[in-house]
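The structure appears below as structure tokens.
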Amino acid sequence: MNGRARWLSVLAALAAAPGCMASGFAGARDVLPRAPVEQGRCRVAASQSSPLVTEWPASEKANLENMSHAGAVAVAYSGCSMRLLPDCHVRGAYRWMRTTPSTDSLEINDTDDLYAKLPLGAASLEGELKRTGKLTVKTVVAGQLQLDGAGVNDVPGDGACAQATHIMTALSIGAFALTADGGRTREIGASVSLGDAKLQSERSAALLRSAGDFDSCSNSTAETPNGNCASPVQVFLVPLPGRAADEGPPGTVKVDFVSGNPSARWDVYADDQVICTTPCARFVHPARPLLLRARDDGFMTVADKVQVPNLLDAGAGAHLQLRAQPTARGELVTGITFTAFSGMAVITGIALGSVGCLGGHSSAMCTGGLISLGAGGLALAGSIWMIVDAQPRADVMPEDGGMMLVRAPPRRLVLGPGGIAGTF
């Protein structure tokens, strides 16, 4: 290999080295475990206190009906799962309250809709939704069973009730039909037995599941619901103090904002308004951007800022912790210092290599230039990484231990023919 070719190959390798090293370091630090998307959706669903139970297995709905006749119903509810506690006996009784039959229709077009509107049946319906592209749930409610004579303080905290998180204060009953791809239900000939009565309903090809007869809901009386319109449709839950997760507005998550440095405090901005100062906790919408700005500015320093585009990738849990980390001043100064020295080595190597290798004046000068350029280039790449790594950042940690790293907008360094330029 002649001197010119050797010189050009070294330059190409050094040009690629900083990017490779930077991407390697970024990959090692930024690709951290994240909570599964389904867990995040279930935690968001947990903020709903009135989930539909139309997708519960028939045996579970029958168990719910039986328990509602024996006293107040306590459950363990976590968003995508609601477990009955049949051995948890709570005083109280449910009174039937007839209402004007009301019809509702829910359209589900994607997985987010599914977990938001039918969290208890999301796992079993996700495949059907992907296959058909759309689900529709039509419900008719004839009345409610409303709890009387018991409240949240009447649920024991030990024994079979120790796992209870909510108490059911009301249960809407009626009829429902689940169809795929927007199909509709009409009255016809396939028969479904409900106790001693038989329900005649037409099933289009898109009908997936149903219970009850919509027309029979208008025949309920003030004393009792009609037998063909008595399927559990929706439960209304109240969290038990100290046992259920804190609940905020629908669709929000609770975030604990803390500082990674005990001596530093950060203002937290949402929609250009300061919502709190660390340490603090607030319910925020996971899709909205946040800005954290350090309050304790030093002399002749710029306040640290960290922008968090959203919290969706953190799992959107019911409870997150956002830890703001300030600029690592020592690492930043070290990186800048070494950048200056390594940059000088690179410039020296370019000068010596140009004269010795390209000009053909001295092989010793060529070798010295290549060594200086190689060592300086590697040191420059490491120095640039130190500057990037020293930036302020936010560590977002869900309850299950995953982590998402959010960094401030990067400081830029550019190595070019005219020297080294950048912003700090």
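Simple scheme: letters A, B, ... for chains in structure tokens order, numbers from 1 for residues in each chain, numbers from 1 for ligands in the order shown.
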Using DSSP assignments from the backbone, pull out every residue in range 263-309 of chain A that falls under strand (DSSP E) and give it to me as a ChimeraX atom specification. /A:266-270,273-277,280-284,290-294,305-308
List the spatial neighbours of Thr277 in chain A as a PyMOL selection string - criterion: any atom at most 9 Å away, only C-alpha atoms, same-chain residues fewer than 5 positions off excluded. chain A and resi 257-258+265-268+295
Can you pull out every residue within 12 Å of Asp158 in chain A, counting only C-alpha atoms, but drop anything in the same chain fewer than 4 positions away, and send it as an MDAnalysis selection string? chainID A and resid 87:89 154 162:164 243
Restricted to N, CA, C and O atoms, what would the selected residues look like written as a compact mmCIF listing (two decimals), in the first residue's frame?
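Saved as part_35.txt:
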```txt
# COMPACT_ATOMS: atom_id res chain seq x y z
N ASP A 87 -65.13 -15.82 49.89
CA ASP A 87 -65.02 -16.07 51.34
C ASP A 87 -64.93 -14.79 52.15
O ASP A 87 -64.84 -14.84 53.38
N CYS A 88 -64.92 -13.66 51.47
CA CYS A 88 -64.91 -12.37 52.17
C CYS A 88 -66.36 -11.93 52.38
O CYS A 88 -67.02 -11.48 51.44
N HIS A 89 -66.84 -12.06 53.58
CA HIS A 89 -68.24 -11.76 53.89
C HIS A 89 -68.35 -10.36 54.48
O HIS A 89 -67.72 -10.02 55.48
N ASP A 154 -66.49 -1.06 56.13
CA ASP A 154 -67.06 -2.31 56.64
C ASP A 154 -66.35 -3.55 56.09
O ASP A 154 -66.70 -4.67 56.46
N ALA A 162 -58.35 -9.74 53.13
CA ALA A 162 -57.08 -9.01 53.13
C ALA A 162 -56.66 -8.59 51.73
O ALA A 162 -55.96 -7.59 51.55
N GLN A 163 -57.08 -9.37 50.71
CA GLN A 163 -56.69 -9.06 49.33
C GLN A 163 -57.66 -8.12 48.63
O GLN A 163 -57.43 -7.75 47.47
N ALA A 164 -58.74 -7.73 49.29
CA ALA A 164 -59.73 -6.86 48.66
C ALA A 164 -59.15 -5.47 48.42
O ALA A 164 -58.46 -4.91 49.27
N ARG A 243 -55.71 0.44 50.30
CA ARG A 243 -55.51 -0.86 49.64
C ARG A 243 -55.46 -0.76 48.13
O ARG A 243 -54.83 -1.58 47.49
```
Show me, as a PyMOL selection string, the residues that have an atom within 9 Å of range 49-62 of chain A when counting only C-alpha atoms, minus same-chain residues fewer than 6 positions from it. chain A and resi 79+84+117-122+124-125+137+139+175-178+209-211+231-239
What is the distance, in Å and to one decimal place, between CA of Ala324 in chain A and CA of Ser383 in chain A? 23.6 Å
How many Å separate CA of Gly174 in chain A from CA of Leu106 in chain A? 15.6 Å
Go through A:Ser68, A:Ser216, A:Thr337, A:Gln144 one by one, measure the shortest atom-to-atom distance of each to Met97 in chain A using only C-alpha atoms, and give the residue with the smallest value.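 Comparing A:Ser68, A:Ser216, A:Thr337, A:Gln144 against Met97 in chain A, the winner is A:Gln144.
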For Ile350 in chain A, work out the shell of residues within 8 Å, counting only C-alpha atoms and skipping chain neighbours fewer than 4 positions away, then give it as an MDAnalysis selection string. chainID A and resid 346 354 369:370 373
Quick check, in Å to one decimal: how far apart do CA of Ala72 in chain A and CA of Cys229 in chain A lie?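 These two atoms are separated by 22.0 Å.
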Please identify all polymer residues within 12 Å of Asp271 in chain A, counting only C-alpha atoms, omitting same-chain residues fewer than 3 positions from it, and present them as an mmCIF file with all heavy atoms, in the first residue's frame.
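Output (result.cif):
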```
data_model
loop_
_atom_site.group_PDB
_atom_site.id
_atom_site.type_symbol
_atom_site.label_atom_id
_atom_site.label_comp_id
_atom_site.auth_asym_id
_atom_site.auth_seq_id
_atom_site.Cartn_x
_atom_site.Cartn_y
_atom_site.Cartn_z
ATOM 1 N N VAL A 268 -41.205 21.481 37.621
ATOM 2 C CA VAL A 268 -41.814 20.600 36.629
ATOM 3 C C VAL A 268 -42.871 21.387 35.876
ATOM 4 O O VAL A 268 -43.801 21.935 36.480
ATOM 5 C CB VAL A 268 -42.443 19.358 37.299
ATOM 6 C CG1 VAL A 268 -43.017 18.417 36.241
ATOM 7 C CG2 VAL A 268 -41.404 18.631 38.155
ATOM 8 N N VAL A 274 -45.866 25.710 35.673
ATOM 9 C CA VAL A 274 -45.203 24.940 36.726
ATOM 10 C C VAL A 274 -46.274 24.209 37.534
ATOM 11 O O VAL A 274 -47.176 24.837 38.104
ATOM 12 C CB VAL A 274 -44.378 25.858 37.648
ATOM 13 C CG1 VAL A 274 -43.759 25.043 38.775
ATOM 14 C CG2 VAL A 274 -43.286 26.568 36.857
ATOM 15 N N ILE A 275 -46.190 22.880 37.543
ATOM 16 C CA ILE A 275 -47.187 22.104 38.281
ATOM 17 C C ILE A 275 -46.687 21.691 39.660
ATOM 18 O O ILE A 275 -47.494 21.424 40.547
ATOM 19 C CB ILE A 275 -47.634 20.877 37.481
ATOM 20 C CG1 ILE A 275 -46.448 19.960 37.162
ATOM 21 C CG2 ILE A 275 -48.339 21.293 36.206
ATOM 22 C CD1 ILE A 275 -46.858 18.656 36.492
ATOM 23 N N VAL A 284 -50.518 13.041 35.759
ATOM 24 C CA VAL A 284 -50.282 13.688 34.465
ATOM 25 C C VAL A 284 -50.758 12.761 33.350
ATOM 26 O O VAL A 284 -50.842 11.545 33.525
ATOM 27 C CB VAL A 284 -48.793 14.036 34.261
ATOM 28 C CG1 VAL A 284 -48.305 14.998 35.327
ATOM 29 C CG2 VAL A 284 -47.933 12.772 34.263
ATOM 30 N N HIS A 285 -51.042 13.363 32.201
ATOM 31 C CA HIS A 285 -51.429 12.567 31.036
ATOM 32 C C HIS A 285 -50.163 12.031 30.376
ATOM 33 O O HIS A 285 -49.249 12.801 30.057
ATOM 34 C CB HIS A 285 -52.216 13.416 30.043
ATOM 35 C CG HIS A 285 -52.964 12.609 29.042
ATOM 36 N ND1 HIS A 285 -52.331 11.936 28.011
ATOM 37 C CD2 HIS A 285 -54.286 12.330 28.902
ATOM 38 C CE1 HIS A 285 -53.222 11.293 27.283
ATOM 39 N NE2 HIS A 285 -54.416 11.516 27.794
ATOM 40 N N ALA A 287 -49.366 11.133 27.485
ATOM 41 C CA ALA A 287 -49.061 11.533 26.108
ATOM 42 C C ALA A 287 -48.575 12.984 26.013
ATOM 43 O O ALA A 287 -48.111 13.405 24.958
ATOM 44 C CB ALA A 287 -50.292 11.342 25.221
ATOM 45 N N ARG A 288 -48.662 13.740 27.089
ATOM 46 C CA ARG A 288 -48.288 15.147 27.034
ATOM 47 C C ARG A 288 -46.818 15.340 27.422
ATOM 48 O O ARG A 288 -46.306 14.657 28.302
ATOM 49 C CB ARG A 288 -49.174 15.973 27.961
ATOM 50 C CG ARG A 288 -50.626 16.037 27.490
ATOM 51 C CD ARG A 288 -51.468 16.873 28.416
ATOM 52 N NE ARG A 288 -52.854 16.937 27.957
ATOM 53 C CZ ARG A 288 -53.835 17.513 28.636
ATOM 54 N NH1 ARG A 288 -53.588 18.086 29.803
ATOM 55 N NH2 ARG A 288 -55.063 17.526 28.145
ATOM 56 N N PRO A 289 -46.127 16.302 26.779
ATOM 57 C CA PRO A 289 -44.707 16.525 27.099
ATOM 58 C C PRO A 289 -44.540 17.227 28.447
ATOM 59 O O PRO A 289 -45.411 17.971 28.895
ATOM 60 C CB PRO A 289 -44.228 17.416 25.949
ATOM 61 C CG PRO A 289 -45.465 18.131 25.479
ATOM 62 C CD PRO A 289 -46.599 17.157 25.671
ATOM 63 N N LEU A 290 -43.395 16.972 29.059
ATOM 64 C CA LEU A 290 -43.031 17.601 30.319
ATOM 65 C C LEU A 290 -41.668 18.260 30.160
ATOM 66 O O LEU A 290 -40.851 17.840 29.343
ATOM 67 C CB LEU A 290 -42.970 16.571 31.452
ATOM 68 C CG LEU A 290 -44.250 15.814 31.797
ATOM 69 C CD1 LEU A 290 -43.937 14.694 32.784
ATOM 70 C CD2 LEU A 290 -45.306 16.750 32.390
ATOM 71 N N LEU A 291 -41.425 19.287 30.960
ATOM 72 C CA LEU A 291 -40.124 19.954 30.990
ATOM 73 C C LEU A 291 -39.709 20.104 32.446
ATOM 74 O O LEU A 291 -40.496 20.558 33.280
ATOM 75 C CB LEU A 291 -40.207 21.329 30.318
ATOM 76 C CG LEU A 291 -38.959 22.210 30.475
ATOM 77 C CD1 LEU A 291 -37.785 21.612 29.705
ATOM 78 C CD2 LEU A 291 -39.230 23.640 30.000
ATOM 79 N N LEU A 292 -38.472 19.719 32.739
ATOM 80 C CA LEU A 292 -37.922 19.903 34.072
ATOM 81 C C LEU A 292 -36.772 20.900 33.990
ATOM 82 O O LEU A 292 -35.878 20.757 33.146
ATOM 83 C CB LEU A 292 -37.424 18.584 34.662
ATOM 84 C CG LEU A 292 -38.519 17.594 35.095
ATOM 85 C CD1 LEU A 292 -38.976 16.730 33.924
ATOM 86 C CD2 LEU A 292 -38.034 16.715 36.234
ATOM 87 N N PRO A 309 -40.600 13.990 26.151
ATOM 88 C CA PRO A 309 -41.665 14.085 25.127
ATOM 89 C C PRO A 309 -42.976 13.470 25.573
ATOM 90 O O PRO A 309 -44.044 14.019 25.353
ATOM 91 C CB PRO A 309 -41.072 13.336 23.933
ATOM 92 C CG PRO A 309 -39.597 13.367 24.145
ATOM 93 C CD PRO A 309 -39.404 13.323 25.627
#
```
As a CSV table (one decimal) with all heavy atoms, in the first residue's frame, please: the residues near Lys134 in chain A (cut-off 8 Å, only C-alpha atoms, same-chain neighbours under 3 positions excluded).
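File produced: out.csv:
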```
chain,number,residue,atom,x,y,z
A,107,GLU,N,-67.8,1.2,20.1
A,107,GLU,CA,-67.0,0.8,19.0
A,107,GLU,C,-65.5,0.7,19.3
A,107,GLU,O,-65.0,1.6,19.9
A,107,GLU,CB,-67.2,1.7,17.7
A,107,GLU,CG,-68.6,1.6,17.2
A,107,GLU,CD,-68.7,2.4,15.8
A,107,GLU,OE1,-67.7,3.1,15.5
A,107,GLU,OE2,-69.7,2.3,15.2
A,108,ILE,N,-64.9,-0.4,19.0
A,108,ILE,CA,-63.5,-0.7,19.4
A,108,ILE,C,-62.8,-0.9,18.1
A,108,ILE,O,-63.0,-1.8,17.3
A,108,ILE,CB,-63.4,-1.9,20.3
A,108,ILE,CG1,-64.2,-1.7,21.6
A,108,ILE,CG2,-61.9,-2.2,20.6
A,108,ILE,CD1,-64.3,-2.9,22.4
A,109,ASN,N,-61.8,0.1,17.8
A,109,ASN,CA,-61.1,0.1,16.5
A,109,ASN,C,-59.7,-0.4,16.6
A,109,ASN,O,-59.0,-0.6,15.6
A,109,ASN,CB,-61.2,1.4,15.8
A,109,ASN,CG,-62.7,1.8,15.6
A,109,ASN,OD1,-63.3,1.2,14.8
A,109,ASN,ND2,-63.1,2.9,16.2
A,110,ASP,N,-59.1,-0.3,17.8
A,110,ASP,CA,-57.7,-0.7,17.9
A,110,ASP,C,-57.5,-1.3,19.3
A,110,ASP,O,-58.4,-1.3,20.2
A,110,ASP,CB,-56.7,0.5,17.6
A,110,ASP,CG,-57.1,1.7,18.5
A,110,ASP,OD1,-57.4,1.5,19.7
A,110,ASP,OD2,-57.0,2.8,17.9
A,129,LEU,N,-60.0,-9.0,17.5
A,129,LEU,CA,-59.9,-7.6,17.0
A,129,LEU,C,-58.9,-7.5,15.8
A,129,LEU,O,-59.2,-6.8,14.8
A,129,LEU,CB,-59.6,-6.6,18.1
A,129,LEU,CG,-59.4,-5.2,17.7
A,129,LEU,CD1,-60.6,-4.6,17.2
A,129,LEU,CD2,-58.9,-4.4,19.0
A,130,LYS,N,-57.8,-8.1,16.0
A,130,LYS,CA,-56.8,-8.0,14.9
A,130,LYS,C,-57.3,-8.7,13.6
A,130,LYS,O,-57.0,-8.3,12.5
A,130,LYS,CB,-55.5,-8.7,15.4
A,130,LYS,CG,-54.7,-7.9,16.4
A,130,LYS,CD,-53.5,-8.6,16.9
A,130,LYS,CE,-52.7,-7.8,17.9
A,130,LYS,NZ,-51.5,-8.5,18.4
A,180,ALA,N,-68.5,-8.5,15.6
A,180,ALA,CA,-67.2,-8.2,15.0
A,180,ALA,C,-67.5,-7.5,13.7
A,180,ALA,O,-68.5,-7.8,13.0
A,180,ALA,CB,-66.5,-9.5,14.8
A,181,ASP,N,-66.6,-6.6,13.4
A,181,ASP,CA,-66.6,-5.8,12.1
A,181,ASP,C,-67.9,-5.1,11.9
A,181,ASP,O,-68.5,-5.0,10.9
A,181,ASP,CB,-66.5,-6.8,10.9
A,181,ASP,CG,-66.1,-6.1,9.6
A,181,ASP,OD1,-65.6,-4.9,9.8
A,181,ASP,OD2,-66.3,-6.6,8.6
A,182,GLY,N,-68.4,-4.5,13.1
A,182,GLY,CA,-69.6,-3.7,13.0
A,182,GLY,C,-70.9,-4.4,12.7
A,182,GLY,O,-71.9,-3.8,12.3
```
Quick one: of A:Cys80, A:Cys276, A:Leu135, A:Cys366, who's nearest to Ala116 in chain A, counting only C-alpha atoms?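 Among the listed residues, A:Cys80 lies closest to Ala116 in chain A.
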